[in-house]
Every structure is written in structure tokens, then in C-alpha cells.
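Before any comments, here is the structure.
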Amino acid sequence: MALGRTYSVALVGLNGYMVEVEADIGQSLPAFVILGLPDAALNEARERIRSAAKNSGIPLSRRKITANLIPASLPKRGSGFDLAVTMAVLRAANDIRPTGRSVFIAELGLDGRLRPVRGILPAVMAAVQAGYPDVVVAQANLAEASLVPGANVSGYRTLARLALDFGADPQELALDFEPDDAEDDAGASGEAAPCPDMADVSGQGEARKALEVAAAGAHHLLLTGPPGAGKTMLAERLPGILPDLADRESMEVTAIHSLCGLPSSQVQLLRRPPFENPHHTATAAAIIGGGSGLPRPGAASRAHRGVLFLDEAPEYERRVLDALRQPLESGELVIHRSAGTAAYPARFQLVLAANPCPCGKASGKGLDCTCTPMMRRRYLARMSGPLLDRVDIQLQVERVSLADFGQAGAEEDTASVARRVRDARQRQVQRLGPLGLETNSQVSGRVLRGELRLPPGVTRILDHSLERGILTARGYDRVLRLAWTLADLGLRDAPDVNDVGQALGLRQATAAAA
């Protein structure tokens, strides 16, 4: 036997593609060649494989070894192909029996141990969907890989043990070697840290109501106010009142975090909505995604099904903020690079926080503000009109009064608000489920003017705002979505005039305050 064959998975974004690994042992001088568009990490696998096999008691042939990764036109990246190439070479040398349709995904250490790799969850998902349920991974990736329904996953610590199970005869010394279990447990995480409680927010009744509405309908939110008013406190408590993720959503979120190499996804599915809070100096690649070669996910994708909080929003580069306009509409980020195109889900709730001016003292009467009107306009103009038009709730947050600040235990806690949000979400699922939708924020204008059309008397104030140019057509639809969310929170079957008026007030609160 001079030809061996195994299987692995190549990831392009979150999409996985089956890769057939062929190995041939020729009759010429010693060499090791890897074909099939390998990157630098995969090309370096030649030395890792030789050392790992030797230290595992099953040295490779001294003749020319050629490994080919099919399809050849698909770029192969990373060290996750190490194990598949090794098993193919061992099969070509008749050192092991045929591996069948088993898929091998792991990096090799020089001592022969199997090391974990990023993106194991989407890789195993792709293998199962392609009809390859038998997967071999490093022991440290076993818990994460086992999350995939229908997968028959085996975890190994060393190449010697794996080769023995496939019929090899490694040296006894190599079988006696067992790495420390500490590395396998390094990624294990216990219970998620508790979310901050809404009861910690003193006063701010209007802002608390706006946060509840945003959570109930998955609406985007802009909080404008002076420093210390509680904008960041409110934003940090939004994930706590959001419902737990469903199975499909949880798998999506966990797959993204697995691709990013975050340890929280290594032992269990992520059931709580994620919260991303990048610094205002973050680049477009850090927030949107990118990097050299095939693009990697950024904070916007890591916040999928959760919250993306941009504190001090006017301090971000304008091109970074404007790059969020497309995912706010489509819920997906498609990043094009010369090495390929990657698509990542990015259906997040955007929360923006901003001061009213550079000095932050322009709220209320603004007597202490030292900024000129032109400085204020330039500061807030960093958030472009098209971006703000996509933000449903735009609220002015004022400083907390002394009376509210002194009332300890007078505010509702997170659990009470979360129950109302959960009930409102259930009403939306019952109403929108036949349309293939989940939340009011996903309802299109066609549906709002079709199946969910409201009587003219209810929308009269919106019609006047549209005619006067106060609202755009997109803003008109977003106010209607807010009105439906207010009706769901009020346990009403449809919005009334008060719901529409309150929704319009939430949409225009910042403009009115200015």
C-alpha cells in the first residue's frame, strides 16, 4: 500500500468544507511535500508530523512523502490538518488499518500529544452535515465537539494511543507517556458570571422603560446624556433582561466564539446573550472583522444574538460606525478579502452611548458647558444620519436627582423586568411565527402595511410626521415596530393611539431635548 486517505475540515468563515487528505510514499530521496494551497502554518506541519511520529514510536518512512489536500482550489489554513495528514501517511506506509470515513481534526505537538484547535464546533457541525459523523479530536476539544447533535466524537491525548486503536504497534515507551491533564482542563469554565442587577440603577424611570422596550422587541438604542447619568450602567444590564437563547441560536453563538478561540465555549453551549463592549480606539477590523488572509470575526459577530455596546460613540472613527449600517439591516456581515470571502452572522442589538457635547455639560440648561454650538454639532455629527435612522430608540438621559438617589431598594430587579420581556417575546413568536419571524425588530415594512396594518386613526400622528419630513420611511416603520412592542408589553392585541404616540416619543426624545 503506497496511498493513504483520510478526511478533515477546512473552515471559511463559519462554513466548513470537507477536505480529503491523500498521502503517497514514493521511491525517491527523502522529502515531505504538502499540496493543496496550504498556508504557512500548514506547511510547517511537515516538521511537526515527523517529530510527533518519531516521539510516538511510529516513525515515518524515510522515502519521499507527498500529501495532497482536496479540493486543491480551496485555501487550507491552520494547524488543524496535522492529525489528518499524519494518519494518511501512516496508512500509506501500512502502519495502520484503513480509517474509513473518520474525520481527524487536531494539532500535533513535537512530543506526540494532540493539541486543541480553534473552531472545532463549526468544523464538527460541517462534518456531520456532510455525512461524516465519526470525528477524532484532541481530548481538550472533546467536550466542545460533543455538543454537536449526531456526532460520534472520540478524544485522544496522544498520537500513540490513537495509532494503537487503528492497528499500529508503537513503542511501549511512547504508550507509557501521558501528558498532564491540567492543559485539558485549562479551557473549562464554570457557571457564567451573574449579570448586573437592574435594581442597582437609581431613578431613571424613563430610561429603564426604554431599556425594557428595547429588550422586548430587540430594538437598537441610543442613550445621550451627561457623564455619570447612568448610560453605561443601563447598557450593561440589558443582557440580563434578555431571554435565554434557543437551541439553534445557542449553537450559532457558541460556534462563533469557538472560532474566536474563546474558552467559554469549550464545555457547554452559551445560553446567555453575549455582551461586547469594545474600546472606542478599536479599528474596523476589530469590530467588523478582518485581518490578513481570510477574515476573522470581529466584535459585531461575537455579539450575535446579544448586545454590542459602543460607549462614547462619537469617539469612534466615523467609518467604523458607518460600517455597522449593513449588518443592522441584514443581520449578516460579508467580508471580502483577496484571499477569500467570509460571511458571519451579526444579528445584534446595538446600544450607543454619547455625551451631549465634548465637555459633557450641555444637558439641562447647559450653563456650565464651554463648547460652542459648532463644536456640539461637529461632535454629534460623527454619528451619521443614516446610522441614527436605523436606531429605533433615541433617548435623552438626565442626571439622577437626590430624591431618587437616596431610595435604596425602591427599583425593580432584573428578574421582574426579564419576566415581562419574556412574556412579550412569547406574544411576538405567536403572532410572527407564521411569517417566519421572531421579534418585532425583524418585521418588514411590507408586513406592517399588510398583515399588521393599523387603522388610519391610530397612525395619524405618524402620517403627519412623515408628510412634514420629521420621519423618513425607514423611521416610520421603526416607530410602528416600537408601537407593537409597547402593545406586547401591555398585553394588548394591537397598538392603540397611545402606543404609537409613546413610540414616536421614544424615537424623537434626543431631537426634542436638543
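Scheme for the C-alpha cells: letters A, B, ... for chains in order shown; per-chain residue numbers from 1; ligand numbers from 1 in order shown.
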If DSSP is run on the backbone, what residues of stretch 221-421 of chain A are strand (DSSP E)? A reply as JSON, numbers by chain would be ideal. {"A": [221, 222, 223, 224, 275, 276, 289, 290, 296, 297, 307, 308, 309, 310, 332, 333, 334, 335, 336, 337, 340, 341, 342, 343, 344, 345, 349, 350, 351, 352, 353, 354, 393, 394, 395, 396]}
Show which residues sit within 7 Å of stretch 254-257 of chain A, as a VMD selection string. Count only C-alpha atoms, and ignore same-chain residues fewer than 6 positions away. chain A and resid 119 121 to 122 265 269 to 270 302
Take the residues from that selection and put them in a file with C-alpha atoms, as a PDB file, in the first residue's frame.
ATOM      1  CA  GLY A 119     -13.314  26.443  15.536  1.00  0.00           C
ATOM      2  CA  LEU A 121     -17.580  23.260  16.917  1.00  0.00           C
ATOM      3  CA  PRO A 122     -18.344  24.608  13.397  1.00  0.00           C
ATOM      4  CA  SER A 265     -17.379  27.716  24.613  1.00  0.00           C
ATOM      5  CA  LEU A 269     -23.425  25.800  24.833  1.00  0.00           C
ATOM      6  CA  LEU A 270     -23.660  29.522  25.522  1.00  0.00           C
ATOM      7  CA  ARG A 302     -19.219  37.929  18.642  1.00  0.00           C
TER       8      ARG A 302
END
Nearest to A:Leu491, chosen from A:Arg446, A:Leu471, A:Gln426, A:His464, with only C-alpha atoms counted in the distances: A:Gln426
Could you name the residues that touch A:Asp111 at 12 Å or less, counting only C-alpha atoms, but leaving out those on the same chain fewer than 4 positions away, as number ranges by chain? A: 47-57, 107, 115, 157-160, 174-175, 177-179
Between atom CA of A:Pro170 and atom CA of A:Ile58, what is the distance, to one decimal in Å? 5.3 Å
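Each of A:Leu310, A:Ala45, A:Val417, A:Leu437 was compared to A:Asp197 using only C-alpha atoms, and A:Val417 turns out to be the nearest.
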Residues of stretch 290-330 of chain A at most 9 Å from stretch 374-389 of chain A: nearest atom pair and distance in Å, only C-alpha atoms, as a tab-separated table:
residue	atom	partner	partner_atom	distance
A:Ala313	CA	A:Met383	CA	7.4
A:Pro314	CA	A:Arg382	CA	5.4
A:Glu315	CA	A:Arg382	CA	7.9
A:Tyr316	CA	A:Arg382	CA	8.1
A:Glu317	CA	A:Arg382	CA	7.8
A:Arg318	CA	A:Arg382	CA	5.7
A:Leu321	CA	A:Met383	CA	7.1
A:Asp322	CA	A:Leu387	CA	6.3
A:Leu324	CA	A:Leu387	CA	7.8
A:Arg325	CA	A:Leu387	CA	5.9
A:Leu328	CA	A:Leu387	CA	8.9
Near-A:Pro149 list (10 Å; only C-alpha atoms; drop same-chain fewer than 4 positions) as a list of chain:residue names: A:Val124, A:Met125, A:Val128, A:Pro133, A:Ala145
